[in-house]
Structure formats: C-alpha cells, structure tokens
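Asks: Next up, target12.cif (mmCIF, C-alpha atoms).
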```
data_entry
#
loop_
_atom_site.label_atom_id
_atom_site.label_comp_id
_atom_site.auth_asym_id
_atom_site.auth_seq_id
_atom_site.Cartn_x
_atom_site.Cartn_y
_atom_site.Cartn_z
CA MET A 16 -11.86 -12.79 -7.37
CA SER A 17 -11.28 -15.81 -9.56
CA THR A 18 -7.84 -16.41 -8.01
CA PHE A 19 -9.51 -17.07 -4.65
CA GLU A 20 -12.98 -18.06 -5.90
CA GLN A 21 -14.70 -15.46 -3.70
CA GLU A 22 -16.32 -12.04 -3.82
CA ARG A 23 -14.74 -8.93 -2.33
CA MET A 24 -15.97 -5.42 -1.69
CA ILE A 25 -14.24 -2.76 -3.81
CA ARG A 26 -14.73 0.91 -2.88
CA VAL A 27 -14.11 3.55 -5.55
CA TYR A 28 -13.60 7.28 -5.01
CA LEU A 29 -14.36 9.58 -7.94
CA PRO A 30 -13.21 13.22 -7.96
CA VAL A 31 -15.85 15.81 -7.10
CA ASN A 32 -16.06 17.09 -10.69
CA TYR A 33 -16.00 13.62 -12.33
CA HIS A 34 -19.57 13.71 -13.66
CA GLY A 35 -19.24 17.30 -14.83
CA SER A 36 -16.26 16.75 -17.08
CA ASN A 37 -14.85 14.45 -19.74
CA LYS A 38 -11.39 14.29 -18.22
CA HIS A 39 -9.42 11.09 -17.64
CA TYR A 40 -7.81 10.53 -14.24
CA PRO A 41 -4.87 8.71 -12.65
CA VAL A 42 -5.76 5.71 -10.49
CA LEU A 43 -4.40 4.77 -7.06
CA TYR A 44 -5.01 1.26 -5.70
CA MET A 45 -5.06 0.82 -1.92
CA HIS A 46 -5.44 -2.13 0.46
CA ASP A 47 -7.41 -2.52 3.73
CA GLY A 48 -10.28 -0.86 1.91
CA GLN A 49 -12.58 -0.65 4.93
CA ASN A 50 -10.14 1.81 6.50
CA VAL A 51 -9.38 4.10 3.57
CA PHE A 52 -12.19 6.60 3.04
CA GLU A 53 -14.48 7.11 6.04
CA ASP A 54 -14.51 6.33 9.76
CA GLU A 55 -17.95 4.76 9.48
CA GLY A 56 -17.34 1.08 8.77
CA ALA A 57 -13.61 1.25 9.54
CA ILE A 58 -12.45 -1.81 11.45
CA LYS A 59 -11.56 0.05 14.66
CA GLY A 60 -13.67 3.11 13.95
CA VAL A 61 -10.83 5.26 12.59
CA SER A 62 -9.93 5.48 8.89
CA LEU A 63 -7.45 7.48 6.87
CA GLY A 64 -10.28 9.92 6.14
CA LEU A 65 -9.11 10.03 2.54
CA LYS A 66 -12.51 11.00 1.09
CA ASP A 67 -12.59 14.28 3.02
CA TYR A 68 -8.96 15.02 2.14
CA LEU A 69 -9.51 14.45 -1.58
CA ASP A 70 -12.79 16.39 -1.60
CA GLU A 71 -11.45 19.37 0.33
CA ASN A 72 -8.30 19.61 -1.77
CA LYS A 73 -10.15 18.87 -5.03
CA VAL A 74 -7.56 16.25 -5.98
CA GLU A 75 -8.37 14.99 -9.46
CA MET A 76 -7.80 11.27 -9.18
CA ILE A 77 -9.61 7.96 -8.76
CA VAL A 78 -8.86 5.80 -5.72
CA VAL A 79 -9.74 2.10 -5.70
CA ALA A 80 -9.75 0.53 -2.23
CA ILE A 81 -9.84 -3.27 -1.91
CA ASP A 82 -11.35 -4.57 1.32
CA LEU A 83 -9.22 -6.88 3.39
CA ASN A 84 -10.32 -10.45 4.03
CA PRO A 85 -11.04 -10.61 7.79
CA GLU A 86 -11.15 -14.42 7.95
CA GLY A 87 -8.42 -15.96 10.10
CA GLU A 88 -4.97 -15.11 8.75
CA GLU A 89 -6.16 -14.32 5.22
CA ARG A 90 -4.99 -10.69 5.39
CA ILE A 91 -1.48 -11.92 6.20
CA ASN A 92 -1.72 -14.59 3.53
CA GLU A 93 -2.80 -12.15 0.81
CA TYR A 94 -0.44 -9.30 1.66
CA CYS A 95 2.67 -11.48 2.06
CA PRO A 96 4.18 -12.77 -1.21
CA TRP A 97 6.14 -15.45 0.64
CA ILE A 98 5.45 -17.65 3.64
CA ASN A 99 6.70 -15.82 6.73
CA GLY A 100 10.39 -16.38 7.36
CA ALA A 101 12.81 -16.80 10.25
CA ILE A 102 12.82 -13.09 11.18
CA ALA A 103 9.04 -13.10 11.51
CA GLU A 104 9.19 -16.25 13.61
CA ARG A 105 11.76 -14.68 15.95
CA VAL A 106 9.84 -11.40 16.28
CA ILE A 107 6.48 -13.09 16.85
CA GLY A 108 7.97 -15.64 19.20
CA HIS A 109 6.57 -18.84 17.75
CA PRO A 110 6.55 -20.74 14.45
CA VAL A 111 4.48 -19.08 11.72
CA SER A 112 3.19 -20.50 8.46
CA ALA A 113 1.08 -17.59 7.17
CA GLY A 114 1.70 -15.78 3.89
CA GLY A 115 2.38 -16.87 0.36
CA LYS A 116 -0.75 -15.70 -1.48
CA GLY A 117 0.52 -12.23 -2.41
CA GLU A 118 1.18 -13.10 -6.04
CA GLN A 119 -2.38 -14.40 -6.52
CA TYR A 120 -3.77 -11.28 -4.83
CA LEU A 121 -1.82 -9.06 -7.23
CA GLU A 122 -2.92 -11.19 -10.19
CA PHE A 123 -6.50 -10.35 -9.25
CA ILE A 124 -5.71 -6.62 -9.18
CA VAL A 125 -3.72 -6.60 -12.43
CA ASN A 126 -5.75 -9.07 -14.51
CA GLU A 127 -9.32 -8.62 -13.23
CA LEU A 128 -9.82 -5.45 -11.21
CA LYS A 129 -7.65 -3.05 -13.21
CA PRO A 130 -9.30 -3.88 -16.59
CA LEU A 131 -12.72 -3.52 -14.95
CA ILE A 132 -11.84 -0.07 -13.56
CA HIS A 133 -10.48 1.06 -16.94
CA ASP A 134 -13.67 -0.10 -18.68
CA LYS A 135 -16.04 1.44 -16.13
CA TYR A 136 -14.36 4.80 -15.48
CA ARG A 137 -12.39 7.42 -17.41
CA THR A 138 -8.86 6.55 -16.42
CA LEU A 139 -5.36 7.41 -17.57
CA LYS A 140 -4.21 3.89 -18.36
CA GLY A 141 -0.53 4.73 -18.05
CA HIS A 142 -0.92 6.49 -14.67
CA THR A 143 -1.55 3.74 -12.12
CA SER A 144 -0.10 3.63 -8.61
CA MET A 145 -0.39 1.73 -5.32
CA ALA A 146 -0.22 2.55 -1.61
CA GLY A 147 -0.61 0.53 1.55
CA ILE A 148 -0.12 0.49 5.30
CA SER A 149 1.79 -2.13 7.31
CA LEU A 150 1.45 -5.39 5.36
CA GLY A 151 -0.26 -3.28 2.67
CA GLY A 152 3.09 -1.53 2.36
CA LEU A 153 4.78 -4.89 1.92
CA ILE A 154 2.51 -5.99 -0.94
CA SER A 155 2.76 -2.51 -2.53
CA THR A 156 6.55 -2.73 -2.53
CA TYR A 157 6.35 -6.20 -4.03
CA ALA A 158 3.94 -4.86 -6.69
CA ALA A 159 6.47 -2.16 -7.68
CA CYS A 160 9.08 -4.87 -8.24
CA ARG A 161 6.74 -7.36 -9.89
CA TYR A 162 4.88 -4.89 -12.12
CA PRO A 163 7.07 -1.76 -12.43
CA GLN A 164 5.58 -1.10 -15.87
CA ILE A 165 2.14 -0.75 -14.24
CA PHE A 166 2.52 0.76 -10.74
CA LYS A 167 4.42 4.01 -11.22
CA ARG A 168 4.12 5.62 -7.79
CA ILE A 169 4.29 3.72 -4.52
CA ALA A 170 3.70 4.51 -0.85
CA ALA A 171 4.66 2.06 1.90
CA ILE A 172 3.40 3.55 5.16
CA SER A 173 4.87 1.84 8.26
CA PRO A 174 5.51 -1.25 6.13
CA GLY A 175 5.49 -4.67 7.78
CA TYR A 176 8.51 -5.92 5.87
CA TYR A 177 9.66 -8.17 8.73
CA ARG A 178 7.18 -10.84 7.66
CA ASN A 179 9.12 -11.34 4.40
CA GLN A 180 12.31 -9.36 5.08
CA GLU A 181 14.77 -11.97 3.82
CA GLU A 182 13.08 -12.63 0.48
CA LEU A 183 12.07 -9.01 -0.11
CA GLU A 184 15.60 -7.64 0.20
CA VAL A 185 16.81 -10.06 -2.48
CA PHE A 186 13.76 -9.42 -4.67
CA VAL A 187 14.09 -5.62 -4.54
CA ARG A 188 17.82 -5.84 -5.22
CA ASP A 189 17.23 -8.02 -8.29
CA SER A 190 14.36 -5.89 -9.68
CA ASP A 191 14.47 -3.24 -12.40
CA LEU A 192 12.69 -0.28 -10.85
CA SER A 193 13.76 2.28 -13.45
CA GLY A 194 10.14 2.73 -14.57
CA VAL A 195 8.91 3.69 -11.09
CA GLU A 196 8.52 7.46 -10.78
CA LYS A 197 8.14 8.01 -7.02
CA PHE A 198 8.47 5.92 -3.88
CA TYR A 199 7.47 7.00 -0.37
CA MET A 200 8.31 5.11 2.82
CA ASP A 201 8.02 5.99 6.52
CA PHE A 202 8.14 4.57 10.03
CA GLY A 203 7.30 6.01 13.45
CA THR A 204 9.45 6.25 16.54
CA HIS A 205 6.74 4.65 18.71
CA GLU A 206 5.29 1.98 16.40
CA VAL A 207 6.09 -0.86 18.82
CA SER A 208 4.56 0.28 22.07
CA GLY A 209 6.87 -0.16 25.05
CA ASN A 210 9.70 -1.85 23.14
CA LYS A 211 12.20 0.69 21.85
CA GLU A 212 14.74 -1.99 20.93
CA LEU A 213 12.27 -3.81 18.66
CA ASN A 214 11.06 -0.49 17.24
CA ASN A 215 14.65 0.35 16.27
CA GLU A 216 15.11 -3.11 14.77
CA PHE A 217 11.99 -2.68 12.62
CA SER A 218 13.21 0.77 11.57
CA ASP A 219 16.58 -0.67 10.55
CA MET A 220 14.89 -3.40 8.47
CA ILE A 221 12.69 -0.88 6.69
CA GLN A 222 15.58 1.47 6.01
CA SER A 223 17.62 -1.40 4.56
CA ILE A 224 14.86 -1.88 1.96
CA TYR A 225 14.70 1.88 1.40
CA GLU A 226 18.45 2.08 0.71
CA ILE A 227 18.05 -0.45 -2.09
CA VAL A 228 14.93 1.26 -3.46
CA SER A 229 16.52 4.73 -3.39
CA SER A 230 19.54 3.43 -5.31
CA LYS A 231 17.23 2.42 -8.16
CA ILE A 232 14.62 5.23 -8.22
CA ALA A 233 15.54 8.89 -8.60
CA ASP A 234 12.59 10.39 -6.68
CA THR A 235 12.18 8.77 -3.26
CA ARG A 236 11.34 9.97 0.23
CA TYR A 237 11.82 8.40 3.66
CA GLU A 238 10.25 10.00 6.73
CA THR A 239 10.92 9.15 10.37
CA ILE A 240 7.63 10.07 12.07
CA GLN A 241 8.36 11.49 15.50
CA ASN A 242 6.04 9.86 18.07
CA GLY A 243 4.37 8.01 15.18
CA GLU A 244 2.41 4.97 16.36
CA HIS A 245 1.12 1.92 14.50
CA ASN A 246 -2.54 2.92 14.38
CA TYR A 247 -4.91 4.81 12.11
CA THR A 248 -5.01 7.88 14.33
CA SER A 249 -1.31 8.27 13.54
CA PHE A 250 -1.57 7.21 9.88
CA LYS A 251 -4.41 9.68 9.34
CA LYS A 252 -2.24 12.61 10.46
CA ARG A 253 0.28 12.02 7.68
CA ILE A 254 -1.80 10.72 4.77
CA GLY A 255 -2.08 14.27 3.40
CA GLU A 256 1.72 14.60 3.23
CA VAL A 257 1.96 11.21 1.53
CA MET A 258 -0.60 12.17 -1.10
CA SER A 259 0.99 15.59 -1.63
CA TYR A 260 4.32 13.94 -2.36
CA LEU A 261 2.94 11.21 -4.64
CA TYR A 262 0.74 13.62 -6.60
CA SER A 263 2.55 16.95 -6.40
CA ASP A 264 1.84 17.40 -10.12
CA LEU A 265 -1.96 17.21 -9.77
#
```
Can I see the file as structure tokens?

Replies:
Amino acid sequence: MSTFEQERMIRVYLPVNYHGSNKHYPVLYMHDGQNVFEDEGAIKGVSLGLKDYLDENKVEMIVVAIDLNPEGEERINEYCPWINGAIAERVIGHPVSAGGKGEQYLEFIVNELKPLIHDKYRTLKGHTSMAGISLGGLISTYAACRYPQIFKRIAAISPGYYRNQEELEVFVRDSDLSGVEKFYMDFGTHEVSGNKELNNEFSDMIQSIYEIVSSKIADTRYETIQNGEHNYTSFKKRIGEVMSYLYSDL
C-alpha cells in the first residue's frame, strides 16, 4: 500500500467454476478481511462465513477482502474519511482524534488494488461494488459518493456513521449518486447492549443518511433487524439476504 508505505493481506474468493470457464465476473470489495470468508483466523473466531455461502449457492462473482490494520486506532483512521467529530466525542464520552485516513485508504483500493485485480483475474471492469460492516459501512458509503462511477452496488451493514455523522450527511447530500444501482443499509434493535436510548439514537442517525441516499438512488433497501446485535454472529445470519439483494441478477 504505497499510500501508507506498508504491506497488507488481501484475500480473494474465486467462484467454484472459475478455472473451468472463460467467463468474466463482477467484483465485490469488502473490509475487515480477516472476518469475511472463514471462522478460522477471524478476529473473534466468528466470520461472515461468506465462502460457504458463495460456494453452496454457486454465486458467480469475485470477492476481494482487505484485512484491517490491527495496530492501535488504525482501523478507525482508515475507515473514517474525516477526524471524528462532536457527535462521536459525545457518544464515546471523551475527546477523540482518530480518523481522517479514509481517502488515502480508498486511493489504495481504486489506484493500486483494483488495477491489480483486473490484471490478475477475469473481471467485469464495469461491475464493481463495495460492502462493509460498522466502520466498513461508513467507508463504503463514502466510496459510493466519492467514486460513484466505480462502485455500483453498496452495502452498509450496521454502519458506524456516528464517527463522521456531521460531515457524511453533508457529503451524501452534495453527491451525485445517480450512477449507483443498489444500496443496502440495516441496523439492529439490540446493537448497543443495555442502552436502548443510545441504540435508538444510532438508528435515527443511520436512517437520516438512508433518507438522503434513497432520494438519490432508485433501488435501495433499509432493514431493521429485530434483536440484531453488533457482532458477527448476528451479521452472519443476514449476510445471505444482503448478497441476495445486491446480486439478485446473478
């Protein structure tokens, strides 16, 4: 990653029939790569289990998962386009200075990783999308606004918008999202354990972004996940529905 002068693990899923065909495939980029495909190696031992889902359903697509940087606050720095604002400070309860490297992180994906994937694999160059969880949902939403000509389908699962809520609302409102084909967003009713008031506040913040997004994109979906929690056991239960919506034409 020349933007950060470091190496990063990239995990690539190829469809089961990839080597037996000459077809070209759509590409989905995902964050928190350790937690995308298999439980083995996942940070808390539970992943989305996406490899099994794609294999069992014979979904013909390529998924590129970018590992998170576990050092200090680097995940927050890379997945937040702006330094965390006043809302984040109030929610967290103390001053915060993390964030602000999201643009450089996306520059790596767009200018280095994406060309590499296109050169190495048989891809449909005009069929690129992005999905992420929590702060991965924040950077995916930013990517849709920053590069709508590239990332055509977006999923923001339990997005952590509160870290950049103020700037993101303005940015989404000022963005031309007419080129984005589909946008999925969700949030659970039990994401913030033991604090219903804060859970409702987060839900309101996310829905305020969704209202702007849905006014600009024809095909959108928002799901309130009953009893949904902010962990991979919960995310794993709904990843199939997310993928079915994003790729209903595959």

Asks: If the PyMOL selection byres ((chain A and resi 81-85) around 12) is run on the structure shown, which residues does it catch, given as a VMD selection string?

Replies: chain A and resid 16 19 21 to 28 43 to 52 56 to 58 78 to 80 86 to 94 120 to 121 123 to 124 128 to 129 145 to 148 150 to 151

Asks: Put those residues in a file: C-alpha atoms, as a compact mmCIF listing (two decimals), in the coordinates of the input.

Replies:
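Result went into out-v9.txt, see below:
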```
# COMPACT_ATOMS: atom_id res chain seq x y z
CA MET A 16 -11.86 -12.79 -7.37
CA PHE A 19 -9.51 -17.07 -4.65
CA GLN A 21 -14.70 -15.46 -3.70
CA GLU A 22 -16.32 -12.04 -3.82
CA ARG A 23 -14.74 -8.93 -2.33
CA MET A 24 -15.97 -5.42 -1.69
CA ILE A 25 -14.24 -2.76 -3.81
CA ARG A 26 -14.73 0.91 -2.88
CA VAL A 27 -14.11 3.55 -5.55
CA TYR A 28 -13.60 7.28 -5.01
CA LEU A 43 -4.40 4.77 -7.06
CA TYR A 44 -5.01 1.26 -5.70
CA MET A 45 -5.06 0.82 -1.92
CA HIS A 46 -5.44 -2.13 0.46
CA ASP A 47 -7.41 -2.52 3.73
CA GLY A 48 -10.28 -0.86 1.91
CA GLN A 49 -12.58 -0.65 4.93
CA ASN A 50 -10.14 1.81 6.50
CA VAL A 51 -9.38 4.10 3.57
CA PHE A 52 -12.19 6.60 3.04
CA GLY A 56 -17.34 1.08 8.77
CA ALA A 57 -13.61 1.25 9.54
CA ILE A 58 -12.45 -1.81 11.45
CA VAL A 78 -8.86 5.80 -5.72
CA VAL A 79 -9.74 2.10 -5.70
CA ALA A 80 -9.75 0.53 -2.23
CA GLU A 86 -11.15 -14.42 7.95
CA GLY A 87 -8.42 -15.96 10.10
CA GLU A 88 -4.97 -15.11 8.75
CA GLU A 89 -6.16 -14.32 5.22
CA ARG A 90 -4.99 -10.69 5.39
CA ILE A 91 -1.48 -11.92 6.20
CA ASN A 92 -1.72 -14.59 3.53
CA GLU A 93 -2.80 -12.15 0.81
CA TYR A 94 -0.44 -9.30 1.66
CA TYR A 120 -3.77 -11.28 -4.83
CA LEU A 121 -1.82 -9.06 -7.23
CA PHE A 123 -6.50 -10.35 -9.25
CA ILE A 124 -5.71 -6.62 -9.18
CA LEU A 128 -9.82 -5.45 -11.21
CA LYS A 129 -7.65 -3.05 -13.21
CA MET A 145 -0.39 1.73 -5.32
CA ALA A 146 -0.22 2.55 -1.61
CA GLY A 147 -0.61 0.53 1.55
CA ILE A 148 -0.12 0.49 5.30
CA LEU A 150 1.45 -5.39 5.36
CA GLY A 151 -0.26 -3.28 2.67
```

Asks: So, with only C-alpha atoms as the atoms that count, which of A:Gly194, A:Pro96, A:Gly35, A:Gly243 lies closest to Asn214 of chain A?

Replies: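 Of the candidates, the smallest distance to Asn214 of chain A is held by A:Gly243.
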
Asks: Which residue is closest to Ile169 of chain A? Choose from A:Leu139, A:Leu153, A:Asn210, A:Phe198 and count all atoms listed in the file.

Replies: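 Ranked by minimum distance to Ile169 of chain A, first place goes to A:Phe198.
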
Asks: How big is the axis-aligned box, and where does its centre sit, when it encloses all atoms of segment 200-203 of chain A listed in the file and has 3 Å added on every side, reported in Å to one decimal as AutoDock Vina command-line options?

Replies:
```
--center_x 7.8 --center_y 5.3 --center_z 8.1 --size_x 7.0 --size_y 7.4 --size_z 16.6
```

Asks: Tell me which residues the PyMOL selection byres ((chain A and resi 205) around 8) grabs here, as a list of chain:residue names.

Replies: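 With the PyMOL selection byres ((chain A and resi 205) around 8) on this model, the match is A:Gly203, A:Thr204, A:Glu206, A:Val207, A:Ser208, A:Gly209, A:Lys211, A:Asn214, A:Gln241, A:Asn242, A:Gly243, A:Glu244, A:His245.
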
Asks: Which protein, DNA or RNA residues have an atom at most 12 Å from (7.3, -15.3, 12.8), counting all atoms listed in the file? List them as a list of chain:residue names.

Replies: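 Looking at atoms near the point gives A:Ile91, A:Ile98, A:Asn99, A:Gly100, A:Ala101, A:Ile102, A:Ala103, A:Glu104, A:Arg105, A:Val106, A:Ile107, A:Gly108, A:His109, A:Pro110, A:Val111, A:Ser112, A:Ala113, A:Gly114, A:Gly175, A:Tyr176, A:Tyr177, A:Arg178, A:Asn179, A:Gln180.
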
Asks: Just want the 12 Å neighbourhood of Arg253 of chain A, counted on all atoms listed in the file, with same-chain residues fewer than 5 positions away dropped. Output as a ChimeraX atom specification.

Replies: /A:63-65,68,148,170,172-173,199-203,238-241,243-244,246-248,258-260

Asks: For Met76 of chain A, which of A:His142, A:Lys59, A:Lys197, A:Lys116 is the closest residue, counting all atoms listed in the file?

Replies: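 With all atoms listed in the file as the atom set, the closest residue is A:His142.
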
Asks: In Å, how far is it from atom CA of Ser218 of chain A to atom CA of Lys167 of chain A?

Replies: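 If I compute the distance from atom CA of Ser218 of chain A to atom CA of Lys167 of chain A, I get 24.6 Å.
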
Asks: Find the residue from A:Ile154, A:Asp234, A:Glu256, A:Val187 that sits nearest to Pro174 of chain A; use all atoms listed in the file when measuring.

Replies: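 The closest residue to Pro174 of chain A is A:Ile154.
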
Asks: Evaluate the PyMOL selection byres ((chain A and resi 72) around 12) against this structure - the residues, as a PyMOL selection string, please.

Replies: chain A and resi 30-31+65-71+73-76+255+258-259+262+265

Asks: Just write the chosen residues, C-alpha atoms, as a tab-separated table (two decimals), in the frame of the given file.

Replies:
```tsv
chain	number	residue	atom	x	y	z
A	30	PRO	CA	-13.21	13.22	-7.96
A	31	VAL	CA	-15.85	15.81	-7.10
A	65	LEU	CA	-9.11	10.03	2.54
A	66	LYS	CA	-12.51	11.00	1.09
A	67	ASP	CA	-12.59	14.28	3.02
A	68	TYR	CA	-8.96	15.02	2.14
A	69	LEU	CA	-9.51	14.45	-1.58
A	70	ASP	CA	-12.79	16.39	-1.60
A	71	GLU	CA	-11.45	19.37	0.33
A	73	LYS	CA	-10.15	18.87	-5.03
A	74	VAL	CA	-7.56	16.25	-5.98
A	75	GLU	CA	-8.37	14.99	-9.46
A	76	MET	CA	-7.80	11.27	-9.18
A	255	GLY	CA	-2.08	14.27	3.40
A	258	MET	CA	-0.60	12.17	-1.10
A	259	SER	CA	0.99	15.59	-1.63
A	262	TYR	CA	0.74	13.62	-6.60
A	265	LEU	CA	-1.96	17.21	-9.77
```

Asks: Taking (12.3, 0.3, -3.9) as a centre in this file's frame and 10 Å as the limit, can you find every polymer residue with an atom that close, using all atoms listed in the file, and give them as a list in words?

Replies: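 Within the cut-off we find Thr156, Tyr157, Ala159, Cys160, Ile169, Ala171, Glu184, Phe186, Val187, Arg188, Ser190, Asp191, Leu192, Ser193, Val195, Lys197, Phe198, Tyr199, Met200, Ile224, Tyr225, Glu226, Ile227, Val228, Ser229, Ser230, Lys231, Ile232 and Thr235 of chain A.
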
Asks: For segment 91-114 of chain A in the structure I just supplied, write out N, CA, C and O atoms - as a tab-separated table (two decimals), in the first residue's frame.

Replies:
```tsv
chain	number	residue	atom	x	y	z
A	91	ILE	N	-9.86	2.58	12.76
A	91	ILE	CA	-10.69	3.79	12.81
A	91	ILE	C	-10.13	4.84	11.86
A	91	ILE	O	-10.87	5.47	11.10
A	92	ASN	N	-8.83	5.02	11.87
A	92	ASN	CA	-8.22	6.03	11.00
A	92	ASN	C	-8.51	5.76	9.53
A	92	ASN	O	-8.86	6.67	8.77
A	93	GLU	N	-8.39	4.49	9.11
A	93	GLU	CA	-8.54	4.15	7.70
A	93	GLU	C	-9.99	4.12	7.23
A	93	GLU	O	-10.27	4.40	6.06
A	94	TYR	N	-10.91	3.77	8.12
A	94	TYR	CA	-12.30	3.64	7.72
A	94	TYR	C	-13.11	4.92	7.93
A	94	TYR	O	-14.29	4.97	7.58
A	95	CYS	N	-12.49	5.94	8.52
A	95	CYS	CA	-13.16	7.22	8.73
A	95	CYS	C	-12.54	8.27	7.80
A	95	CYS	O	-11.36	8.60	7.95
A	96	PRO	N	-13.31	8.82	6.87
A	96	PRO	CA	-12.76	9.83	5.96
A	96	PRO	C	-12.35	11.12	6.67
A	96	PRO	O	-11.44	11.81	6.22
A	97	TRP	N	-13.04	11.43	7.76
A	97	TRP	CA	-12.75	12.66	8.50
A	97	TRP	C	-12.34	12.33	9.93
A	97	TRP	O	-12.70	11.27	10.46
A	98	ILE	N	-11.64	13.23	10.58
A	98	ILE	CA	-11.37	13.09	12.00
A	98	ILE	C	-12.70	13.08	12.75
A	98	ILE	O	-13.62	13.84	12.41
A	99	ASN	N	-12.81	12.22	13.75
A	99	ASN	CA	-14.08	12.05	14.45
A	99	ASN	C	-14.58	13.36	15.04
A	99	ASN	O	-13.81	14.14	15.60
A	100	GLY	N	-15.89	13.59	14.89
A	100	GLY	CA	-16.49	14.87	15.23
A	100	GLY	C	-17.11	14.93	16.61
A	100	GLY	O	-16.90	14.06	17.47
A	101	ALA	N	-17.92	15.97	16.82
A	101	ALA	CA	-18.51	16.24	18.12
A	101	ALA	C	-19.48	15.15	18.55
A	101	ALA	O	-19.56	14.81	19.74
A	102	ILE	N	-20.24	14.58	17.61
A	102	ILE	CA	-21.17	13.50	17.96
A	102	ILE	C	-20.40	12.30	18.49
A	102	ILE	O	-20.77	11.71	19.51
A	103	ALA	N	-19.33	11.93	17.82
A	103	ALA	CA	-18.50	10.81	18.27
A	103	ALA	C	-17.95	11.08	19.66
A	103	ALA	O	-17.95	10.20	20.53
A	104	GLU	N	-17.49	12.28	19.87
A	104	GLU	CA	-16.93	12.66	21.18
A	104	GLU	C	-17.98	12.53	22.28
A	104	GLU	O	-17.71	12.01	23.37
A	105	ARG	N	-19.20	12.98	21.99
A	105	ARG	CA	-20.27	12.87	22.99
A	105	ARG	C	-20.64	11.42	23.26
A	105	ARG	O	-20.80	11.01	24.42
A	106	VAL	N	-20.75	10.61	22.21
A	106	VAL	CA	-21.14	9.21	22.37
A	106	VAL	C	-20.06	8.43	23.13
A	106	VAL	O	-20.36	7.65	24.04
A	107	ILE	N	-18.81	8.66	22.77
A	107	ILE	CA	-17.71	7.92	23.38
A	107	ILE	C	-17.42	8.41	24.80
A	107	ILE	O	-16.99	7.66	25.66
A	108	GLY	N	-17.66	9.71	25.02
A	108	GLY	CA	-17.53	10.24	26.37
A	108	GLY	C	-16.23	10.91	26.67
A	108	GLY	O	-15.98	11.30	27.83
A	109	HIS	N	-15.38	11.06	25.68
A	109	HIS	CA	-14.11	11.77	25.88
A	109	HIS	C	-13.62	12.28	24.53
A	109	HIS	O	-14.07	11.80	23.48
A	110	PRO	N	-12.70	13.23	24.52
A	110	PRO	CA	-12.20	13.75	23.25
A	110	PRO	C	-11.58	12.65	22.39
A	110	PRO	O	-10.91	11.75	22.90
A	111	VAL	N	-11.83	12.72	21.08
A	111	VAL	CA	-11.28	11.73	20.15
A	111	VAL	C	-10.58	12.46	19.00
A	111	VAL	O	-11.01	13.53	18.59
A	112	SER	N	-9.50	11.86	18.53
A	112	SER	CA	-8.77	12.49	17.42
A	112	SER	C	-8.50	11.50	16.30
A	112	SER	O	-7.70	11.75	15.41
A	113	ALA	N	-9.17	10.32	16.37
A	113	ALA	CA	-8.94	9.29	15.35
A	113	ALA	C	-9.67	9.65	14.06
A	113	ALA	O	-10.54	10.52	14.02
A	114	GLY	N	-9.31	8.94	12.99
A	114	GLY	CA	-9.96	9.14	11.70
A	114	GLY	C	-9.15	10.04	10.79
A	114	GLY	O	-8.12	10.59	11.18
```
